[in-house]
Amino acid sequence: MMLTLDNLSKHFGGVRAVDDVSLALKEGEIFGLIGPNGSGKSTTVNLITGLYTPTSGTVSLNGRDLTAMPQHARTSQGVARTFQNIRLFGNLTVAQNLWVAQNGHEQRRQHFVSRWFRPGGEHSGDIEELLTFSRLASKRDVLASNLSFGEMRRLEMARALASNPRVLLLDEPAAGASLDDAELLAERIRAVRDRGVTVLLIEHMMELVMGITDRIAVLNFGRKIAEGTPAQVQDHPEVRAAYLGGGHDEKMEKASA
Amino acid sequence: MDFYLGLLQIIGVHTLLGLSAYVVLLTGQVSMAQAGFYAIGAYVAAMCTAMFGFHILPAILVAGLVTAFVACIVGFPALRVKGLMLVVATLAFGEMVRMFFFNFTWRIERGGELVGPNGAEGFRAIRFFPENGWETGDVTVFIWCVVAVIMAVLWWVDNSRAGAVLRAVGHDETAAQSIGLNLTAIKVGAMTAGGMIAGMGGGIYAHTVTHIEHLVFGVLLATFAIAYPILGGLGSVFGTVIAVVFIQGFLVEGLRFMGEWRSILFGALIVLAMNFRPTGLLGERMPRLFKPRPSESKLEPKGAE
Amino acid sequence: MDYFFFLDLIQFTVDGLLFGTTYALIGIGFTLIFGVMRKLNLAYGAAALAGTYIGLVMFLTFDAHPAIVFLASAIGSGLIGLVVYLCCFRFTPENYPMASLLASVGMLLFIDEVVIHASHGLPYPYPSVFRDAIIEIGDVWVRGDLLFVFFMCVVAMGILFWLLYRTPLGLATRAVSQQPRAAQLCGIDVTRVNMMTFGIAGVLGGIAGAMTAAAVGVLSPVIAMGLTVKGLIVVVIGGLGFIPGAIIAGLLVGAAENIFLLLRGVTERDIYVMLLLFIFLTLRPGGLFGNAQSRD
C-alpha cells in the first residue's frame, strides 16, 4: 500500500471533523475522495500533509508512520499537495516557484552549499522539464501573480510535482472550472499518474471524479460511508442520501403511512 | 574633505544596519530589534578593544558572533508572534537592551585609567583608531570594505535558491511549509544572520564615534533600520543602500538649510514615501542575475488548461 | 515582610490601579483602530500627546478652567487622529501593511519633533484637579487627583460603550471590525467608519494624555513614547481587538508598574515591565483572553 490512513480522527472540541476514517491507496492509482460540503475532505488532506495533528489514528506512507513528522519533513518522504484556493508565491517567477519546491528526498541528498547557494539553479533541466510538461515554458520568467487563472492552476500543480512526490493530493483542482477545462484537467491528472505518481483527488465535480478515478471513498460528517469503484459508489444508497438528503424521504414516508 | 569622509562612514554603518533589517524582512518578519543588536555589537566590540586590547578585526567578529547568538535566541520566541505583534515584541526587546546598557557598569583599570561602560554616562574612550594611527580616510575605506563584502554575500544569497526561499517564506508561510521548507530553521536563521550583520555594524560604529551611550540606540535608530529596506524596496540589496544614501545624504544636506528641523523632515519624508511609493524606491521585484533565455515558443494554445 | 512594607504594597497597588485607567484608554484606542482596520497606528501616542499640548495652550494663553483644558486636549487629539488617518492609512495599500505601519512611525517622529520644537523641549505645568484632597481608608491614602483621573477614564469608557452598543455608528463600527467587505456590501461607508474610529480613538487618547499630565502635574514631550509603549503592552496582554481585555490589562500594567517601582526602583522598573510584555508575547501571544477572530 502506498498511502494508508488508519482509524484517523480529528476532533475540534465537540466537532468531529474526521471520524475514524481508514483508507489505503494502491501505488499508481487515482483515488477519489468525495462528499458534501463540510464532510471532512479538506481536513483529511491537512491531516495527511501534517498541517493538523490527528486526535487519534495514523498516517503512513509505504509502511512508514508519518504521524509524528512535521510538515516540511513529509515532503522529503514524498507527500505533496495543491491548495483549493491557489497559494502561489506571487513575488517569485514561475521558474522560481518550482525552484523553491525542490525539497524531495533525492534532492535533499545534494550537498548543502550546492543546493542552497549555487547560482543559476533555476535553469536546471528538471525545472525545464516540468515547465514543458505543464505548458508553462514560455512563462518561466513571469511573476506568478501576473499569470492567468488557468496558468496559475497549472503552476500550482507543477510546483507540487517539483519535489518528485510519490503521492499527490489535489484539493478541488476543478473549482470553478468549466466542463472543457475539466477535460483538460483530467488529461493532466492522467499524465501525472503516468509519471509514476499516486493521486488522491478531492473534488466536487462528479463528471471529473467518475471519469478518471480507479476507486472512490465517500465521506459524510467526517465518517467514511462508502468505498469502491465509481460505478459501485454511484449506486450506493447512503451516498445518494448524503447528497440529496435521505432524511426528508424517511420523514415523508412516515407521515404518509 | 573630512566632512564627506565622515558622511561616508555614517552611510556605511547605516547600510549595515539597513541590511540587517533587510535579511529579516525578506522572511516577512518586521523587526524593530536591529537597533538593539547594533547596540550589543557596539558595546561588545568596544569592550574588546578598549578593555582587553583586541585588534579591531577580531573585535568586530566577536561582536558579530555574540550578537548572532543573542539574535538566535530572540528568533525562537519571535516565531510565536505574528505580524504586527512582532513589531511590538521587537520594539520591546530593543528597549530592554537599551535600558540594560543604561544600567550597565563594568570598568577595568587599563593604562592607568578606568575604561568601560559606565551606566548612564555610556562608554567613553573607545580609541582604537586614533591610538593606532588610523586616519579618517583609512577608517572610511575599512568600513566600506566590510560593507562591500557583506553586500556581495547578500547579493549572492539573493540570486541563489536561498534568496527565493526567504522570499517564499515571507510571502506565504503555509504554502512554504507544504512544499517542504522548514520555517523554524529559515526564520531563525534569517534573524541570526541579521543579528550578526547588525552586531558588526554596531561594533564599527562604536569605534567611529569613540563614545557610545544608551540614548543613541532607541526607537529612532530602530526606525531607521527598518525604514531603509522598506524605502529601498525588497527587490535587492541596492535598494537599501540607495535608501541610506538618500536619507542620510538628504538629511545631512537638509541640515544645512533647515537646522534642527531634519528629524521633522525625516518623519514627513517617510509618510510621503509610503503614500506614493509603498513598495519602496526600487520595488519588490528581484532583478535577475542571468539573462532570460529566449522563449521556447511564442505560440501557445490560448487560455485552455 | 513587615506591616509597613505590606501597607506600601497596597498603597502602590491602589495608586497603580487608579492610574492604570489611562493605560486602559490608550489600549482601547489601539484596539479600536486595530479592530476596524487590522492595522497598528504607532503614531497614536504621539497624536494623543500633541492634542494634550493644544489643551495646554488653552491653559497658558487663556488661563482656562481645567475642564476647558481637558476638553480641548480631547478634541485636539481627536482632530489630530483624523489627520493621522488621512496621512498614513487612507491612501496606503490594503495588501501591503508595512507601508501604513512605517508611515505611522514616520508620523510619530514628525509629531514628536514638532512638539519638541514648539515647546523648546521644556516641560510645562499642567492643571491638575483635587490635588490636595486625600481620602483615607484605614491606613491607605487615596489621592484625590488619582481618583479624579480614574473617574474621568471610567466615564470615557462608559461613553465609548454607549457609542459602540447603542448608536448606529457603533453598530457600523462593529460590523466593519468583523467583516469589512460584507459591511461594505451592506451599504456601510467603510472609509467614514474608519475616519470616525480614528477620531474617537483620538479623543480617548487625548483624555488619557490629559489625565496623565494632570496626575503628574507636568506636561513634557517624553510622555509620548511612554504612552505608546505602555499602550502596546496593554493591547498585547489584553489581546488586540478585545476592548474588555484592554481595560483589564491597563489596570494590570498600571499596578504592576508601580509594584516594580516599589521593589526595584525607577531605573530598573521599565526593564521589568518590558519583560512582562515579552513573557506574555511568547507564552500567550493571543493575550490573556486569547481571542483569534478571523475575517476576510
# chains A, B, ... in the order shown; residues from 1 in each chain; ligands from 1
>>> residues_around(residues="Pro285 of chain C", least_positions_apart="2", cutoff="10 Å", atoms="only C-alpha atoms", output="list in words")
Pro77, Arg80, Val81, Lys82, Met85 and Leu86 of chain B; Val236, Ile237, Gly238, Gly239, Leu240, Leu277, Phe278, Ile279, Phe280, Leu281, Thr282, Leu283, Gly287, Leu288, Phe289, Gly290 and Asn291 of chain C
>>> closest_atom_pairs(of="chain B", to="chain C", cutoff="7 Å", atoms="only C-alpha atoms", output="Markdown table")
| residue | atom | partner | partner_atom | distance |
| --- | --- | --- | --- | --- |
| B:Pro77 | CA | C:Thr282 | CA | 5.5 |
| B:Arg80 | CA | C:Thr282 | CA | 6.2 |
| B:Val81 | CA | C:Pro285 | CA | 6.2 |
| B:Leu84 | CA | C:Leu40 | CA | 6.9 |
| B:Val88 | CA | C:Leu232 | CA | 6.7 |
| B:Ala89 | CA | C:Phe278 | CA | 6.4 |
| B:Ala92 | CA | C:Met274 | CA | 5.8 |
| B:Met96 | CA | C:Ile271 | CA | 5.6 |
| B:Met99 | CA | C:Ile271 | CA | 6.4 |
| B:Ser263 | CA | C:Glu113 | CA | 6.5 |
| B:Ile264 | CA | C:Phe110 | CA | 4.7 |
| B:Gly267 | CA | C:Gly106 | CA | 4.0 |
| B:Ala268 | CA | C:Phe110 | CA | 6.0 |
| B:Ile270 | CA | C:Gly106 | CA | 5.2 |
| B:Val271 | CA | C:Ala103 | CA | 4.4 |
| B:Met274 | CA | C:Ala99 | CA | 5.2 |
| B:Asn275 | CA | C:Thr92 | CA | 5.4 |
| B:Pro278 | CA | C:Ala99 | CA | 5.3 |
>>> write_last_selection(atoms="N, CA and C atoms", output="short mmCIF file (atom, residue, chain, number, x, y, z; two decimals), in the first residue's frame")
data_model
loop_
_atom_site.label_atom_id
_atom_site.label_comp_id
_atom_site.auth_asym_id
_atom_site.auth_seq_id
_atom_site.Cartn_x
_atom_site.Cartn_y
_atom_site.Cartn_z
N PRO B 77 11.36 32.75 20.24
CA PRO B 77 10.06 33.29 20.66
C PRO B 77 9.42 34.15 19.59
N ARG B 80 6.65 32.69 17.50
CA ARG B 80 5.30 32.51 18.03
C ARG B 80 4.45 33.75 17.84
N VAL B 81 5.06 34.81 17.41
CA VAL B 81 4.36 36.08 17.37
C VAL B 81 4.17 36.49 15.92
N LEU B 84 2.04 42.11 13.17
CA LEU B 84 2.17 43.37 13.87
C LEU B 84 2.68 43.18 15.30
N VAL B 88 5.78 44.92 17.88
CA VAL B 88 5.72 45.29 19.29
C VAL B 88 6.78 44.55 20.09
N ALA B 89 6.87 43.23 19.85
CA ALA B 89 7.82 42.42 20.61
C ALA B 89 9.25 42.87 20.38
N ALA B 92 9.94 46.10 22.03
CA ALA B 92 10.15 45.90 23.46
C ALA B 92 11.55 45.36 23.72
N MET B 96 14.50 46.96 25.93
CA MET B 96 15.11 46.23 27.04
C MET B 96 16.62 46.32 26.94
N MET B 99 17.78 49.81 27.91
CA MET B 99 17.72 50.05 29.34
C MET B 99 18.75 49.22 30.09
N SER B 263 14.86 66.09 11.77
CA SER B 263 14.08 64.94 12.22
C SER B 263 12.63 65.09 11.79
N ILE B 264 12.15 66.33 11.77
CA ILE B 264 10.79 66.57 11.30
C ILE B 264 10.70 66.17 9.84
N GLY B 267 10.52 62.35 9.37
CA GLY B 267 9.19 61.81 9.58
C GLY B 267 8.28 62.10 8.40
N ALA B 268 8.27 63.36 7.95
CA ALA B 268 7.39 63.74 6.86
C ALA B 268 7.76 62.98 5.59
N ILE B 270 9.09 60.00 5.30
CA ILE B 270 8.59 58.63 5.36
C ILE B 270 7.11 58.58 5.03
N VAL B 271 6.34 59.49 5.63
CA VAL B 271 4.90 59.50 5.38
C VAL B 271 4.62 59.69 3.89
N MET B 274 5.60 56.55 1.75
CA MET B 274 4.70 55.42 1.89
C MET B 274 3.38 55.64 1.18
N ASN B 275 3.04 56.89 0.95
CA ASN B 275 1.81 57.15 0.21
C ASN B 275 2.01 57.05 -1.29
N PRO B 278 4.64 52.87 -2.02
CA PRO B 278 4.57 51.97 -0.87
C PRO B 278 5.45 50.73 -0.97
#
>>> closest_residue(among="B:Val115, B:Leu26, B:Ile212, B:Val149", to="Phe102 of chain B", atoms="only C-alpha atoms")
B:Ile212
>>> closest_residue(among="B:Gly180, B:Gly280, B:Gly170, B:Gly6", to="Thr208 of chain B", atoms="only C-alpha atoms")
B:Gly6
>>> residues_around(residues="Asn7 of chain A", least_positions_apart="5", cutoff="9 Å", atoms="only C-alpha atoms", output="PDB file with N, CA and C atoms, in the first residue's frame")
ATOM      1  N   ASP A  19     -13.788  11.406  11.451  1.00  0.00           N
ATOM      2  CA  ASP A  19     -14.176  10.438  12.484  1.00  0.00           C
ATOM      3  C   ASP A  19     -13.867   9.014  12.070  1.00  0.00           C
ATOM      4  N   ASP A  20     -12.745   8.524  12.557  1.00  0.00           N
ATOM      5  CA  ASP A  20     -12.396   7.114  12.366  1.00  0.00           C
ATOM      6  C   ASP A  20     -12.386   6.718  10.885  1.00  0.00           C
ATOM      7  N   VAL A  21     -11.570   7.425  10.113  1.00  0.00           N
ATOM      8  CA  VAL A  21     -11.507   7.170   8.671  1.00  0.00           C
ATOM      9  C   VAL A  21     -10.299   6.300   8.352  1.00  0.00           C
ATOM     10  N   SER A  22     -10.518   5.255   7.596  1.00  0.00           N
ATOM     11  CA  SER A  22      -9.417   4.402   7.147  1.00  0.00           C
ATOM     12  C   SER A  22      -9.426   4.300   5.637  1.00  0.00           C
ATOM     13  N   LEU A  23      -8.264   4.532   5.044  1.00  0.00           N
ATOM     14  CA  LEU A  23      -8.132   4.427   3.589  1.00  0.00           C
ATOM     15  C   LEU A  23      -6.823   3.734   3.263  1.00  0.00           C
ATOM     16  N   SER A  56      -6.544  11.028  16.924  1.00  0.00           N
ATOM     17  CA  SER A  56      -6.141   9.620  17.063  1.00  0.00           C
ATOM     18  C   SER A  56      -5.980   9.030  15.673  1.00  0.00           C
ATOM     19  N   GLY A  57      -5.293   7.899  15.603  1.00  0.00           N
ATOM     20  CA  GLY A  57      -5.090   7.260  14.312  1.00  0.00           C
ATOM     21  C   GLY A  57      -3.741   7.634  13.715  1.00  0.00           C
ATOM     22  N   THR A  58      -3.410   6.977  12.591  1.00  0.00           N
ATOM     23  CA  THR A  58      -2.102   7.229  11.977  1.00  0.00           C
ATOM     24  C   THR A  58      -2.187   7.434  10.480  1.00  0.00           C
TER      25      THR A  58
END
>>> interface_residues(of="chain A", to="chain B", cutoff="6 Å", atoms="only C-alpha atoms", output="PyMOL selection string")
chain A and resi 72+75+89+100-101+103+116-119+138+150+181+184
>>> atom_distance(atom1="atom CA of Lys10 of chain A", atom2="atom CA of Gln179 of chain C")
28.3 Å
>>> select_by_dssp(residues="segment 44-255 of chain B", states="helix (DSSP H, G or I)", output="PyMOL selection string")
chain B and resi 44-52+56-79+83-102+119-121+128-131+136-158+161-171+173-178+183-209+214-217+219-232+237-255
>>> residues_around(residues="Val18 of chain A", least_positions_apart="6", cutoff="7 Å", atoms="only C-alpha atoms", output="ChimeraX atom specification")
/A:9-11,40,43-44,222-223
>>> residues_around(residues="Leu169 of chain A", least_positions_apart="2", cutoff="12 Å", atoms="only C-alpha atoms", output="PyMOL selection string")
(chain A and resi 3+25+30-33+41-42+44-49+75+78-84+156-157+160-161+165-167+171-173+189+192-193+197-203) or (chain B and resi 178)
>>> select_by_dssp(residues="segment 85-241 of chain C", states="strand (DSSP E)", output="ChimeraX atom specification")
/C:124-125,134-137,140-143,218-219
>>> residues_around(residues="Ile68 of chain C", least_positions_apart="3", cutoff="9 Å", atoms="only C-alpha atoms", output="list in words")
Gly55, Met58, Phe59, Ala64, His65, Leu71, Ala72 and Ser73 of chain C
>>> write_last_selection(atoms="N, CA and C atoms", output="short mmCIF file (atom, residue, chain, number, x, y, z; two decimals), in the first residue's frame")
data_model
loop_
_atom_site.label_atom_id
_atom_site.label_comp_id
_atom_site.auth_asym_id
_atom_site.auth_seq_id
_atom_site.Cartn_x
_atom_site.Cartn_y
_atom_site.Cartn_z
N GLY C 55 -4.48 71.54 24.57
CA GLY C 55 -5.14 71.92 25.82
C GLY C 55 -4.25 72.83 26.66
N MET C 58 -4.47 76.36 25.73
CA MET C 58 -5.64 76.99 26.35
C MET C 58 -5.30 77.47 27.75
N PHE C 59 -4.57 76.61 28.45
CA PHE C 59 -4.22 76.91 29.82
C PHE C 59 -3.29 78.11 29.91
N ALA C 64 -7.44 79.05 31.10
CA ALA C 64 -8.77 78.46 31.09
C ALA C 64 -8.99 77.53 32.29
N HIS C 65 -10.22 77.34 32.59
CA HIS C 65 -10.64 76.39 33.62
C HIS C 65 -10.19 74.99 33.23
N LEU C 71 -11.06 69.32 27.91
CA LEU C 71 -11.90 69.18 26.72
C LEU C 71 -11.11 69.51 25.46
N ALA C 72 -10.33 70.60 25.55
CA ALA C 72 -9.53 70.99 24.39
C ALA C 72 -8.52 69.91 24.04
N SER C 73 -7.94 69.30 25.07
CA SER C 73 -6.98 68.22 24.82
C SER C 73 -7.65 67.07 24.09
#
>>> atom_distance(atom1="atom CA of Gln248 of chain B", atom2="atom CA of Phe93 of chain B")
25.4 Å
>>> residues_around(residues="segment 68-76 of chain B", least_positions_apart="6", cutoff="12 Å", atoms="only C-alpha atoms", output="MDAnalysis selection string")
(chainID B and resid 20 24 29 31 33:41 60:62 86 89:90 92:94 97 183:200) or (chainID C and resid 278 281:283)
